[in-house]
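What follows is start_2.txt (compact mmCIF, C-alpha atoms).
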```txt
# COMPACT_ATOMS: atom_id res chain seq x y z
CA MET A 702 0.00 0.00 0.00
CA SER A 703 1.33 3.45 -0.95
CA GLY A 704 1.37 6.34 1.49
CA VAL A 705 -1.93 7.33 3.12
CA LEU A 706 -2.73 10.63 4.82
CA LEU A 707 -5.66 10.35 7.25
CA VAL A 708 -7.48 13.40 8.60
CA SER A 709 -9.45 12.14 11.61
CA ASP A 710 -9.77 12.33 15.37
CA HIS A 711 -11.77 9.10 15.67
CA THR A 712 -9.69 6.44 17.41
CA SER A 713 -11.49 3.49 15.85
CA VAL A 714 -11.12 4.83 12.30
CA THR A 715 -7.45 5.58 12.86
CA ARG A 716 -6.79 2.10 14.27
CA LYS A 717 -8.49 0.32 11.36
CA VAL A 718 -6.72 2.40 8.71
CA ARG A 719 -3.39 1.68 10.40
CA LEU A 720 -4.11 -2.05 10.34
CA ALA A 721 -5.31 -1.92 6.73
CA THR A 722 -2.19 -0.10 5.54
CA GLY A 723 0.40 -1.85 7.67
CA ASP A 724 0.85 1.45 9.51
CA ASP A 725 1.83 3.23 6.28
CA VAL A 726 -0.25 6.25 7.29
CA VAL A 727 0.24 9.79 8.62
CA VAL A 728 -2.58 11.08 10.84
CA VAL A 729 -3.54 14.77 10.94
CA ASP A 730 -5.98 16.25 13.44
CA PRO A 731 -9.01 17.87 11.70
CA GLY A 732 -8.43 21.06 13.68
CA ARG A 733 -5.16 21.57 11.79
CA MET A 734 -6.51 20.78 8.33
CA PRO A 735 -5.91 23.62 5.86
CA ALA A 736 -8.29 24.40 3.02
CA MET A 737 -5.92 23.73 0.11
CA PRO A 738 -4.32 20.44 -1.03
CA ALA A 739 -0.76 21.79 -1.20
CA GLN A 740 -0.87 22.97 2.41
CA LEU A 741 -2.37 19.68 3.62
CA LEU A 742 0.31 17.65 1.87
CA GLY A 743 2.90 20.03 3.29
CA LEU A 744 2.13 18.68 6.78
CA VAL A 745 3.67 15.28 6.03
CA PRO A 746 7.43 14.58 5.87
CA GLU A 747 7.32 13.17 2.30
CA PRO A 748 4.35 14.76 0.49
CA ASP A 749 5.34 13.20 -2.86
CA ASP A 750 4.77 9.73 -1.39
CA VAL A 751 1.10 10.39 -0.55
CA ARG A 752 -1.28 8.58 -2.92
CA ILE A 753 -4.44 8.39 -0.79
CA VAL A 754 -6.02 11.10 1.39
CA VAL A 755 -8.75 9.96 3.77
CA LEU A 756 -11.03 12.71 5.12
CA ASP A 757 -13.19 11.79 8.11
CA VAL A 758 -16.19 14.14 7.84
CA GLY A 759 -18.00 12.76 10.86
CA GLY A 760 -21.51 11.45 11.26
CA ASP A 761 -25.07 12.54 11.82
CA ASP A 762 -24.53 12.76 15.57
CA ASP A 763 -21.35 14.83 15.35
CA GLU A 764 -21.51 18.53 16.17
CA GLY A 765 -20.93 20.73 13.14
CA VAL A 766 -21.18 17.75 10.76
CA SER A 767 -22.71 19.80 7.93
CA GLY A 768 -19.69 22.07 7.86
CA GLN A 769 -17.32 19.09 8.01
CA VAL A 770 -19.01 17.44 5.02
CA ASP A 771 -18.99 20.66 3.00
CA ASP A 772 -15.31 21.30 3.79
CA GLY A 773 -14.42 17.71 2.93
CA LEU A 774 -16.25 17.82 -0.39
CA ALA A 775 -14.66 21.16 -1.28
CA LEU A 776 -11.18 19.83 -0.49
CA ALA A 777 -11.85 16.65 -2.49
CA GLY A 778 -12.81 18.80 -5.47
CA ARG A 779 -9.57 20.78 -5.21
CA PHE A 780 -7.55 17.56 -5.11
CA ALA A 781 -9.33 16.35 -8.25
CA GLU A 782 -8.38 19.58 -10.03
CA THR A 783 -4.80 20.10 -8.88
CA HIS A 784 -3.61 16.66 -7.66
CA PRO A 785 -5.40 14.03 -9.81
CA HIS A 786 -2.72 11.47 -8.91
CA VAL A 787 -3.95 11.52 -5.27
CA GLY A 788 -7.15 9.61 -4.53
CA VAL A 789 -9.52 11.06 -1.92
CA VAL A 790 -11.72 8.82 0.24
CA LEU A 791 -14.32 10.25 2.63
CA VAL A 792 -15.56 8.67 5.88
CA HIS A 793 -19.15 9.18 7.08
CA SER A 794 -21.53 7.33 9.41
CA GLN A 795 -24.17 7.10 6.65
CA PRO A 796 -22.26 7.05 3.34
CA ASP A 797 -25.40 6.59 1.23
CA SER A 798 -26.63 10.02 2.29
CA ILE A 799 -23.64 11.79 0.71
CA GLY A 800 -22.62 9.26 -1.95
CA LEU A 801 -23.76 11.30 -4.95
CA ALA A 802 -22.14 14.49 -3.64
CA VAL A 803 -18.90 12.57 -3.08
CA LEU A 804 -18.79 11.33 -6.67
CA ARG A 805 -19.61 14.78 -8.04
CA ALA A 806 -16.74 16.24 -6.00
CA GLY A 807 -14.29 13.84 -7.63
CA ALA A 808 -13.59 11.68 -4.57
CA ARG A 809 -12.92 7.98 -5.18
CA ASP A 810 -15.09 6.47 -2.45
CA VAL A 811 -17.01 7.04 0.77
CA VAL A 812 -16.55 4.52 3.59
CA PRO A 813 -18.77 4.01 6.68
CA GLN A 814 -17.22 4.82 10.05
CA ASP A 815 -17.86 1.27 11.25
CA ALA A 816 -16.18 -0.39 8.26
CA SER A 817 -14.03 -3.42 9.03
CA VAL A 818 -10.28 -3.58 8.46
CA GLU A 819 -10.88 -5.78 5.40
CA ASP A 820 -13.39 -3.25 4.03
CA TRP A 821 -10.73 -0.56 4.45
CA ARG A 822 -8.16 -2.65 2.55
CA TRP A 823 -10.51 -2.99 -0.40
CA ALA A 824 -11.56 0.69 -0.37
CA LEU A 825 -7.97 1.93 -0.26
CA ARG A 826 -6.89 -0.54 -2.93
CA ARG A 827 -9.69 0.59 -5.26
CA ALA A 828 -8.77 4.24 -4.73
CA LEU A 829 -5.10 3.49 -5.37
CA ASP A 830 -5.87 1.55 -8.54
CA ALA A 831 -7.94 4.48 -9.82
CA VAL A 832 -5.05 6.95 -9.57
CA GLN A 833 -2.09 4.64 -10.12
CA THR A 834 -1.72 5.47 -13.81
CA VAL A 835 -2.04 9.22 -13.32
CA ALA A 836 1.32 10.99 -13.33
CA PRO A 837 1.72 13.99 -10.99
CA THR A 838 2.15 16.38 -13.91
CA HIS A 839 -0.72 18.67 -12.98
CA GLN A 840 0.46 19.33 -9.43
CA VAL A 841 0.60 23.02 -8.63
CA GLU A 842 3.55 24.54 -6.84
CA ALA A 843 3.21 24.30 -3.09
CA THR A 844 2.69 27.52 -1.20
CA GLY A 845 3.05 28.29 2.47
CA ARG A 846 0.28 28.49 5.02
CA VAL A 847 -0.91 32.03 5.61
CA VAL A 848 -2.07 32.43 9.22
CA THR A 849 -3.87 35.73 9.78
CA VAL A 850 -4.53 37.00 13.31
CA ALA A 851 -7.53 39.35 13.46
CA SER A 852 -9.89 40.97 15.92
CA PRO A 853 -12.83 43.40 15.65
CA LYS A 854 -11.39 45.67 18.35
CA GLY A 855 -8.04 46.69 19.75
CA GLY A 856 -6.58 46.05 23.16
CA VAL A 857 -7.23 42.30 23.13
CA GLY A 858 -3.59 41.16 22.84
CA LYS A 859 -3.64 40.53 19.09
CA THR A 860 -0.02 41.55 18.45
CA THR A 861 1.14 39.59 21.49
CA LEU A 862 -0.64 36.52 20.18
CA ALA A 863 0.71 36.98 16.63
CA THR A 864 4.33 37.40 17.75
CA ASN A 865 4.18 34.36 20.04
CA LEU A 866 2.53 32.28 17.33
CA ALA A 867 5.25 33.29 14.85
CA ILE A 868 7.98 32.47 17.38
CA GLY A 869 6.40 29.06 17.91
CA LEU A 870 6.27 28.33 14.19
CA ALA A 871 9.85 29.57 13.79
CA ALA A 872 10.92 26.94 16.34
CA GLN A 873 9.52 24.41 13.88
CA SER A 874 10.87 26.06 10.73
CA PRO A 875 13.52 28.68 11.65
CA THR A 876 14.26 29.89 8.15
CA GLY A 877 10.79 29.15 6.79
CA THR A 878 8.66 31.49 8.90
CA VAL A 879 7.89 35.18 8.35
CA LEU A 880 5.78 37.60 10.39
CA VAL A 881 4.10 40.53 8.64
CA ASP A 882 2.90 43.64 10.51
CA LEU A 883 -0.22 44.62 8.58
CA ASP A 884 -1.51 47.05 11.18
CA VAL A 885 -0.50 49.61 8.61
CA GLN A 886 -0.79 52.79 10.69
CA PHE A 887 -0.01 51.73 14.26
CA GLY A 888 1.73 48.35 14.09
CA ASP A 889 3.86 47.34 17.08
CA VAL A 890 5.41 44.07 15.95
CA ALA A 891 8.94 45.55 15.90
CA ALA A 892 8.60 46.76 19.49
CA ALA A 893 7.09 43.46 20.62
CA LEU A 894 10.17 41.66 19.24
CA ASP A 895 12.71 44.34 20.23
CA LEU A 896 13.74 44.91 16.61
CA GLU A 897 15.20 47.98 14.91
CA PRO A 898 14.51 47.22 11.23
CA ASP A 899 16.49 48.75 8.38
CA TYR A 900 13.43 48.53 6.15
CA THR A 901 9.72 48.75 6.93
CA LEU A 902 6.51 47.94 5.11
CA GLY A 903 6.53 51.37 3.50
CA ASP A 904 10.04 50.83 2.13
CA VAL A 905 9.16 47.38 0.83
CA VAL A 906 6.08 48.31 -1.20
CA ALA A 907 7.94 51.29 -2.72
CA SER A 908 10.98 49.21 -3.67
CA PRO A 909 11.36 47.37 -7.00
CA ALA A 910 12.58 44.45 -4.88
CA SER A 911 9.01 43.88 -3.67
CA ARG A 912 8.15 42.59 -7.16
CA ASP A 913 10.67 39.77 -6.80
CA SER A 914 10.50 37.03 -4.16
CA LEU A 915 14.25 36.83 -3.55
CA GLY A 916 14.64 40.61 -3.52
CA LEU A 917 11.81 40.91 -1.03
CA LYS A 918 13.51 38.50 1.36
CA SER A 919 16.59 40.76 1.45
CA LEU A 920 14.46 43.57 2.95
CA LEU A 921 13.17 41.58 5.91
CA ALA A 922 14.38 42.01 9.48
CA ARG A 923 15.74 38.94 11.24
CA HIS A 924 14.94 37.96 14.83
CA PRO A 925 17.54 35.93 16.82
CA SER A 926 15.14 32.96 16.73
CA GLY A 927 15.48 32.80 12.94
CA LEU A 928 12.04 34.33 12.42
CA GLN A 929 12.03 36.89 9.60
CA VAL A 930 9.86 39.97 10.00
CA LEU A 931 8.30 42.57 7.75
CA CYS A 932 7.87 45.41 10.23
CA GLY A 933 5.24 48.17 10.16
CA VAL A 934 5.77 51.72 8.92
CA ARG A 935 7.80 54.25 10.90
CA SER A 936 5.03 56.88 10.81
CA PRO A 937 1.24 56.60 10.35
CA ALA A 938 1.57 59.11 7.51
CA ASP A 939 3.59 56.54 5.52
CA ALA A 940 0.54 54.27 5.48
CA ASP A 941 -1.30 56.54 3.04
CA ALA A 942 0.97 55.41 0.21
CA ILE A 943 0.31 51.68 0.75
CA SER A 944 -2.50 50.14 -1.31
CA ALA A 945 -4.31 46.85 -0.82
CA ASP A 946 -3.05 45.65 -4.22
CA GLN A 947 0.55 46.27 -3.20
CA LEU A 948 0.05 44.31 0.01
CA SER A 949 -1.56 41.46 -1.90
CA THR A 950 1.48 41.28 -4.19
CA VAL A 951 3.87 41.21 -1.22
CA ILE A 952 1.90 38.45 0.55
CA GLY A 953 1.81 36.45 -2.68
CA HIS A 954 5.61 36.56 -2.93
CA LEU A 955 6.08 35.68 0.73
CA LYS A 956 3.84 32.63 0.66
CA SER A 957 5.81 31.31 -2.32
CA GLU A 958 9.06 31.53 -0.32
CA PHE A 959 8.04 30.68 3.25
CA ARG A 960 6.41 27.66 4.81
CA TYR A 961 4.53 29.85 7.30
CA VAL A 962 3.38 33.45 6.82
CA VAL A 963 1.89 34.95 10.00
CA ILE A 964 0.02 38.24 9.55
CA ASP A 965 -0.85 40.65 12.36
CA THR A 966 -3.72 42.91 11.26
CA ALA A 967 -5.32 46.15 12.42
CA PRO A 968 -8.56 45.93 14.44
CA GLY A 969 -11.64 45.61 12.24
CA LEU A 970 -11.98 44.74 8.57
CA HIS A 971 -10.03 47.38 6.66
CA GLU A 972 -9.07 46.94 3.00
CA GLN A 973 -5.57 45.86 4.04
CA THR A 974 -7.02 43.08 6.18
CA LEU A 975 -9.34 42.00 3.36
CA ALA A 976 -6.32 41.82 1.05
CA ALA A 977 -4.66 39.47 3.54
CA LEU A 978 -7.80 37.36 3.88
CA ASP A 979 -7.74 36.70 0.14
CA HIS A 980 -4.51 34.75 0.74
CA THR A 981 -5.36 33.33 4.17
CA THR A 982 -5.46 29.59 4.72
CA ASP A 983 -5.90 29.79 8.51
CA LEU A 984 -7.74 32.56 10.34
CA VAL A 985 -7.17 33.19 14.05
CA LEU A 986 -9.86 35.36 15.65
CA ILE A 987 -9.20 36.74 19.13
CA THR A 988 -11.49 38.38 21.67
CA SER A 989 -11.30 39.45 25.29
CA LEU A 990 -13.82 38.11 27.78
CA ASP A 991 -16.16 41.11 27.83
CA VAL A 992 -19.45 42.07 26.20
CA PRO A 993 -18.05 44.51 23.57
CA GLY A 994 -15.38 42.02 22.51
CA ILE A 995 -17.79 39.10 22.22
CA ARG A 996 -20.39 41.11 20.30
CA GLY A 997 -17.71 42.44 17.99
CA LEU A 998 -16.42 38.92 17.34
CA ARG A 999 -19.90 37.68 16.45
CA LYS A 1000 -20.44 40.59 14.05
CA GLU A 1001 -17.04 40.06 12.42
CA MET A 1002 -17.75 36.36 11.89
CA GLU A 1003 -21.12 37.21 10.35
CA MET A 1004 -19.48 39.77 8.06
CA LEU A 1005 -16.86 37.25 6.91
CA ASP A 1006 -19.63 34.82 6.02
CA GLU A 1007 -21.51 37.51 4.09
CA LEU A 1008 -18.37 38.43 2.14
CA ASP A 1009 -17.98 34.76 1.16
CA LEU A 1010 -14.20 34.91 1.47
CA PRO A 1011 -12.08 31.90 0.40
CA PRO A 1012 -12.35 28.89 2.74
CA THR A 1013 -10.13 29.01 5.79
CA THR A 1014 -9.77 27.11 9.00
CA ARG A 1015 -10.86 29.32 11.87
CA SER A 1016 -9.46 29.24 15.40
CA ILE A 1017 -11.24 31.20 18.14
CA ILE A 1018 -9.06 32.50 20.98
CA VAL A 1019 -10.33 34.04 24.22
CA ASN A 1020 -7.67 36.20 25.86
CA PHE A 1021 -7.60 37.82 29.31
CA ALA A 1022 -9.96 35.17 30.70
CA ASP A 1023 -10.92 36.15 34.25
CA LYS A 1024 -13.44 34.43 36.54
CA ASP A 1025 -14.26 37.75 38.21
CA GLY A 1026 -15.52 39.40 35.02
CA GLY A 1027 -19.02 37.92 35.17
CA LEU A 1028 -18.69 36.12 31.82
CA SER A 1029 -17.53 32.62 30.94
CA VAL A 1030 -16.16 30.83 27.91
CA ALA A 1031 -19.56 29.14 27.64
CA ASP A 1032 -21.11 32.60 27.19
CA VAL A 1033 -18.75 33.26 24.28
CA GLU A 1034 -19.60 29.94 22.65
CA ALA A 1035 -23.32 30.55 23.04
CA SER A 1036 -23.01 33.99 21.43
CA ILE A 1037 -20.91 32.98 18.41
CA GLY A 1038 -22.42 29.52 17.91
CA ARG A 1039 -19.19 27.53 17.95
CA LYS A 1040 -16.50 26.19 20.24
CA VAL A 1041 -13.61 28.27 21.56
CA ASP A 1042 -10.30 26.64 20.64
CA VAL A 1043 -7.84 28.20 23.10
CA VAL A 1044 -8.35 30.11 26.35
CA LEU A 1045 -5.55 32.33 27.67
CA PRO A 1046 -5.94 33.47 31.29
CA ARG A 1047 -5.24 37.03 32.34
CA SER A 1048 -1.54 37.25 33.19
CA LYS A 1049 0.86 40.09 33.95
CA LYS A 1050 3.68 37.97 32.52
CA PHE A 1051 2.05 37.93 29.08
CA THR A 1052 1.78 41.71 28.94
CA LEU A 1053 5.21 42.27 30.50
CA SER A 1054 6.91 40.01 27.96
CA THR A 1055 5.50 42.12 25.11
CA ASN A 1056 6.59 45.35 26.77
CA GLN A 1057 10.09 43.91 27.14
CA GLY A 1058 10.22 42.72 23.52
CA SER A 1059 10.67 39.09 24.57
CA PRO A 1060 7.79 36.74 23.58
CA LEU A 1061 6.69 34.56 26.48
CA LEU A 1062 6.73 31.38 24.38
CA GLU A 1063 10.47 31.89 23.89
CA SER A 1064 11.51 33.38 27.23
CA GLN A 1065 9.32 31.27 29.57
CA PRO A 1066 8.33 28.07 27.75
CA ARG A 1067 7.21 26.39 31.01
CA ASP A 1068 4.64 29.06 31.84
CA ARG A 1069 1.01 27.89 31.67
CA ILE A 1070 0.19 30.48 29.00
CA SER A 1071 3.13 29.23 26.95
CA LYS A 1072 1.66 25.73 27.10
CA GLU A 1073 -1.69 27.03 25.88
CA MET A 1074 0.04 28.99 23.13
CA GLY A 1075 1.92 25.83 22.18
CA ARG A 1076 -1.40 24.08 21.64
CA LEU A 1077 -2.39 26.83 19.25
CA VAL A 1078 0.88 26.42 17.35
CA MET A 1079 0.14 22.69 17.11
CA ARG A 1080 -2.90 23.49 14.96
CA PHE A 1081 -0.53 24.58 12.20
CA ALA A 1082 2.65 22.55 12.79
CA PRO A 1083 3.47 19.17 14.40
CA LEU A 1084 5.07 20.39 17.61
CA SER A 1085 5.14 18.75 21.02
CA VAL A 1086 3.60 19.95 24.25
CA ASN A 1087 4.36 18.05 27.41
CA ASP A 1088 3.56 18.48 31.07
CA SER A 1089 6.73 20.46 31.76
CA GLY A 1090 6.01 23.06 29.09
CA TRP A 1091 6.07 23.82 25.40
CA SER A 1092 8.84 22.49 23.23
CA GLY A 1093 9.35 22.90 19.50
CA ARG A 1094 11.78 21.06 17.26
CA HIS A 1095 13.48 22.55 14.26
CA ARG A 1096 12.31 21.14 10.95
CA GLY A 1097 14.24 23.44 8.65
CA ASN A 1098 13.09 25.36 5.63
CA ARG A 1099 10.28 24.31 3.33
CA ALA A 1100 11.98 22.85 0.33
```
Could you render the structure as structure tokens?
Amino acid sequence: MSGVLLVSDHTSVTRKVRLATGDDVVVVDPGRMPAMPAQLLGLVPEPDDVRIVVLDVGGDDDEGVSGQVDDGLALAGRFAETHPHVGVVLVHSQPDSIGLAVLRAGARDVVPQDASVEDWRWALRRALDAVQTVAPTHQVEATGRVVTVASPKGGVGKTTLATNLAIGLAAQSPTGTVLVDLDVQFGDVAAALDLEPDYTLGDVVASPASRDSLGLKSLLARHPSGLQVLCGVRSPADADAISADQLSTVIGHLKSEFRYVVIDTAPGLHEQTLAALDHTTDLVLITSLDVPGIRGLRKEMEMLDELDLPPTTRSIIVNFADKDGGLSVADVEASIGRKVDVVLPRSKKFTLSTNQGSPLLESQPRDRISKEMGRLVMRFAPLSVNDSGWSGRHRGNRA
């Protein structure tokens, strides 16, 4: 059996696929699944060896199953278009109910969740036979994951979160991670990382080098961790000369050169943020645990749905969680209609680390907030979090 990539968090499905393939399988948690084939394949050590992708889209009793099925069908369709040499198999508790949609999407099969090991062997063999004669000539060039951190209002720790997230990803890929300060007027990424950049966003968009990927890389600031940074403008007045089209061009070049592109945005949905969202594969939305923040988050999510932006994975972060505030995480979930992914408690250390230009994830990896931040990083890269704290392992550049 050739290489299999399984996207599932069901233990029984994972066990049976392992037995059916002789353990020739890489398992990815659904919470870390990107929207595009190239990014999904980029999560495995040898993406060229993958011939079968199995997407577990849940069952009728699973929460949010409709969205899982839609996302799975959309991803299957993209694989059929750009990676026809990779066969996609879906898993569902009642396969007959989605069988026609699966075939229309270009997937090779749909398998029940309670299928036996022998059933899995036959399903995977049929899918492999169907794509075995297809050469990978239509494969598009892989691009990096674009992780955009956004919030409807300021003062919620967005820049702190973005810098720590970028530091965490840089521990995984030191020369393959870039952080972009897209809070065009009042960005503070340079201060949060204690950097004095030679060039800023204003210099980059005005330079001919911004039209060339390699030239653009020469204008980036470098953090001691290996993280590369495109810092914000020196003066708010410089922001007037920066257009959304210019930013889109810069992001396009960066995602072709870097495995991870982390973008810190201004509060709200300005044209610069919308330009970033056009490239975004993973959206991180952050709110504080208060009524204005929660209402703003709900409105922003509704607006994103109305704009029908390209599919992204969405992670919801509650920052400054405090039991004495009168609100709970359950209140947030009830208001926005979905689960919160990461909760960060109120901590003076978190704020102090930003003021000192030393991200907490790097300076105090054993702190409880660092461990929570590490779990967020795990949604985008295979890092390890243990009881003693967060730990990342270098994986090198994206080749």
Item to check | Selection: 10 Å around Pro735 (chain A), all atoms listed in the file, excl. self and same-chain fewer than 6 positions, as an MDAnalysis selection string | outcome: chainID A and resid 741:744 772 776 846:847 981:983 1012:1015 1080:1081
Checklist entry - For Ala739 (chain A), which of A:Thr715, A:Asn865, A:Ser957, A:Ser852 is the closest residue, counting all atoms listed in the file? => result A:Ser957
Spatial neighbours of Leu1010 (chain A), 9 Å, all atoms listed in the file, chain gap at least 5 places, as a PDB file with C-alpha atoms, keeping the file's coordinate frame:
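Listed below is the output, result_22.pdb:
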```pdb
ATOM      1  CA  LEU A 975      -9.340  42.000   3.360  1.00  0.00           C
ATOM      2  CA  LEU A 978      -7.800  37.360   3.880  1.00  0.00           C
ATOM      3  CA  ASP A 979      -7.740  36.700   0.140  1.00  0.00           C
ATOM      4  CA  LEU A1005     -16.860  37.250   6.910  1.00  0.00           C
TER       5      LEU A1005
END
```
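The coordinates place CA of Asp895 (chain A) at 22.7 Å from CA of Lys1072 (chain A).
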Item to check | Residue neighbourhood Ile799 (chain A), 12 Å, only C-alpha atoms, exclusion window fewer than 2 positions, as a list in words | outcome: Val758, Gly759, Gly760, Asp761, Val766, Ser767, Val770, Asp771, Gly773, Leu774, Leu791, Val792, His793, Ser794, Gln795, Pro796, Asp797, Leu801, Ala802, Val803, Leu804, Arg805, Ala806, Ala808, Asp810, Val811, Val812 and Pro813 of chain A
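Of the residues listed (A:Thr864, A:Gln740, A:Ser713, A:Thr722), A:Thr864 shows the shortest atom-to-atom separation from Gly1058 (chain A); distances use all atoms listed in the file.
Of the residues under consideration (A:Thr860, A:Thr876, A:Ser1016, A:Thr901), A:Ser1016 shows the shortest atom-to-atom contact distance to Met734 (chain A) when counting all atoms listed in the file.
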Can you tell me, as JSON, the centre and edge lengths (Å, one decimal) of the axis-aligned box enclosing all of region 1058-1067 of chain A's listed atoms after padding each side by 4 Å?
```
{"center_x": 9.1, "center_y": 34.6, "center_z": 27.3, "size_x": 12.8, "size_y": 24.3, "size_z": 15.5}
```
Checklist entry - CA of Gln947 (chain A) to CA of Asp1009 (chain A): how many Å, to one decimal? => result 22.2 Å
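Note that the spacing between CA of Pro731 (chain A) and CA of Leu928 (chain A) amounts to 26.7 Å.
Once Pro909 (chain A) and its same-chain neighbours fewer than 3 positions away are set aside, Asp904, Val905, Val906, Arg912, Asp913, Ser914, Leu915, Gly916, Leu917, Ser919, Leu920, Gln947, Thr950 and Val951 of chain A remain within 12 Å of it when counting all atoms listed in the file.
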Listing only residues of region 930-980 of chain A within 12 Å of region 984-987 of chain A, what is the closest atom pair and its distance in Å (to one decimal) for each, using only C-alpha atoms, sorted by chain and residue number ascending, as JSON lines?
```
{"residue": "A:Val962", "atom": "CA", "partner": "A:Leu984", "partner_atom": "CA", "distance": 11.7}
{"residue": "A:Val963", "atom": "CA", "partner": "A:Leu984", "partner_atom": "CA", "distance": 9.9}
{"residue": "A:Ile964", "atom": "CA", "partner": "A:Leu984", "partner_atom": "CA", "distance": 9.6}
{"residue": "A:Asp965", "atom": "CA", "partner": "A:Val985", "partner_atom": "CA", "distance": 9.9}
{"residue": "A:Thr966", "atom": "CA", "partner": "A:Leu986", "partner_atom": "CA", "distance": 10.7}
{"residue": "A:Pro968", "atom": "CA", "partner": "A:Ile987", "partner_atom": "CA", "distance": 10.3}
{"residue": "A:Gly969", "atom": "CA", "partner": "A:Leu986", "partner_atom": "CA", "distance": 10.9}
{"residue": "A:Leu970", "atom": "CA", "partner": "A:Leu986", "partner_atom": "CA", "distance": 11.9}
{"residue": "A:Thr974", "atom": "CA", "partner": "A:Leu984", "partner_atom": "CA", "distance": 11.3}
{"residue": "A:Leu975", "atom": "CA", "partner": "A:Leu984", "partner_atom": "CA", "distance": 11.8}
{"residue": "A:Ala977", "atom": "CA", "partner": "A:Leu984", "partner_atom": "CA", "distance": 10.2}
{"residue": "A:Leu978", "atom": "CA", "partner": "A:Leu984", "partner_atom": "CA", "distance": 8.0}
{"residue": "A:Asp979", "atom": "CA", "partner": "A:Leu984", "partner_atom": "CA", "distance": 11.0}
{"residue": "A:His980", "atom": "CA", "partner": "A:Leu984", "partner_atom": "CA", "distance": 10.4}
```
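Candidate residues A:Val934, A:Ala1082, A:Val835, A:Ala1031 were compared for distance to Val745 (chain A), and the nearest is A:Ala1082, using only C-alpha atoms.
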Checklist entry - Closest to Asp946 (chain A) among A:Asp830, A:Glu972, A:Asp757, A:Glu958, using only C-alpha atoms? => result A:Glu972
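Every protein, DNA or RNA residue with an atom at most 12 Å from Glu897 (chain A), where only C-alpha atoms count and chain neighbours fewer than 5 positions away do not, is listed here: Asp889, Val890, Ala891, Ala892, Leu921, Ala922, Arg923, His924, Val930, Leu931, Cys932, Gly933, Val934, Arg935 and Gly1058 of chain A.
Nearest residue to Leu1062 (chain A), choosing from A:Leu866, A:Leu948, A:Val1030, A:Ala1035 and counting all atoms listed in the file: A:Leu866.
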Item to check | Exercise: residues within 6 Å of coordinate (2.9, 27.4, 6.4), counting all atoms listed in the file, as number ranges by chain | outcome: A: 845-846, 960-961
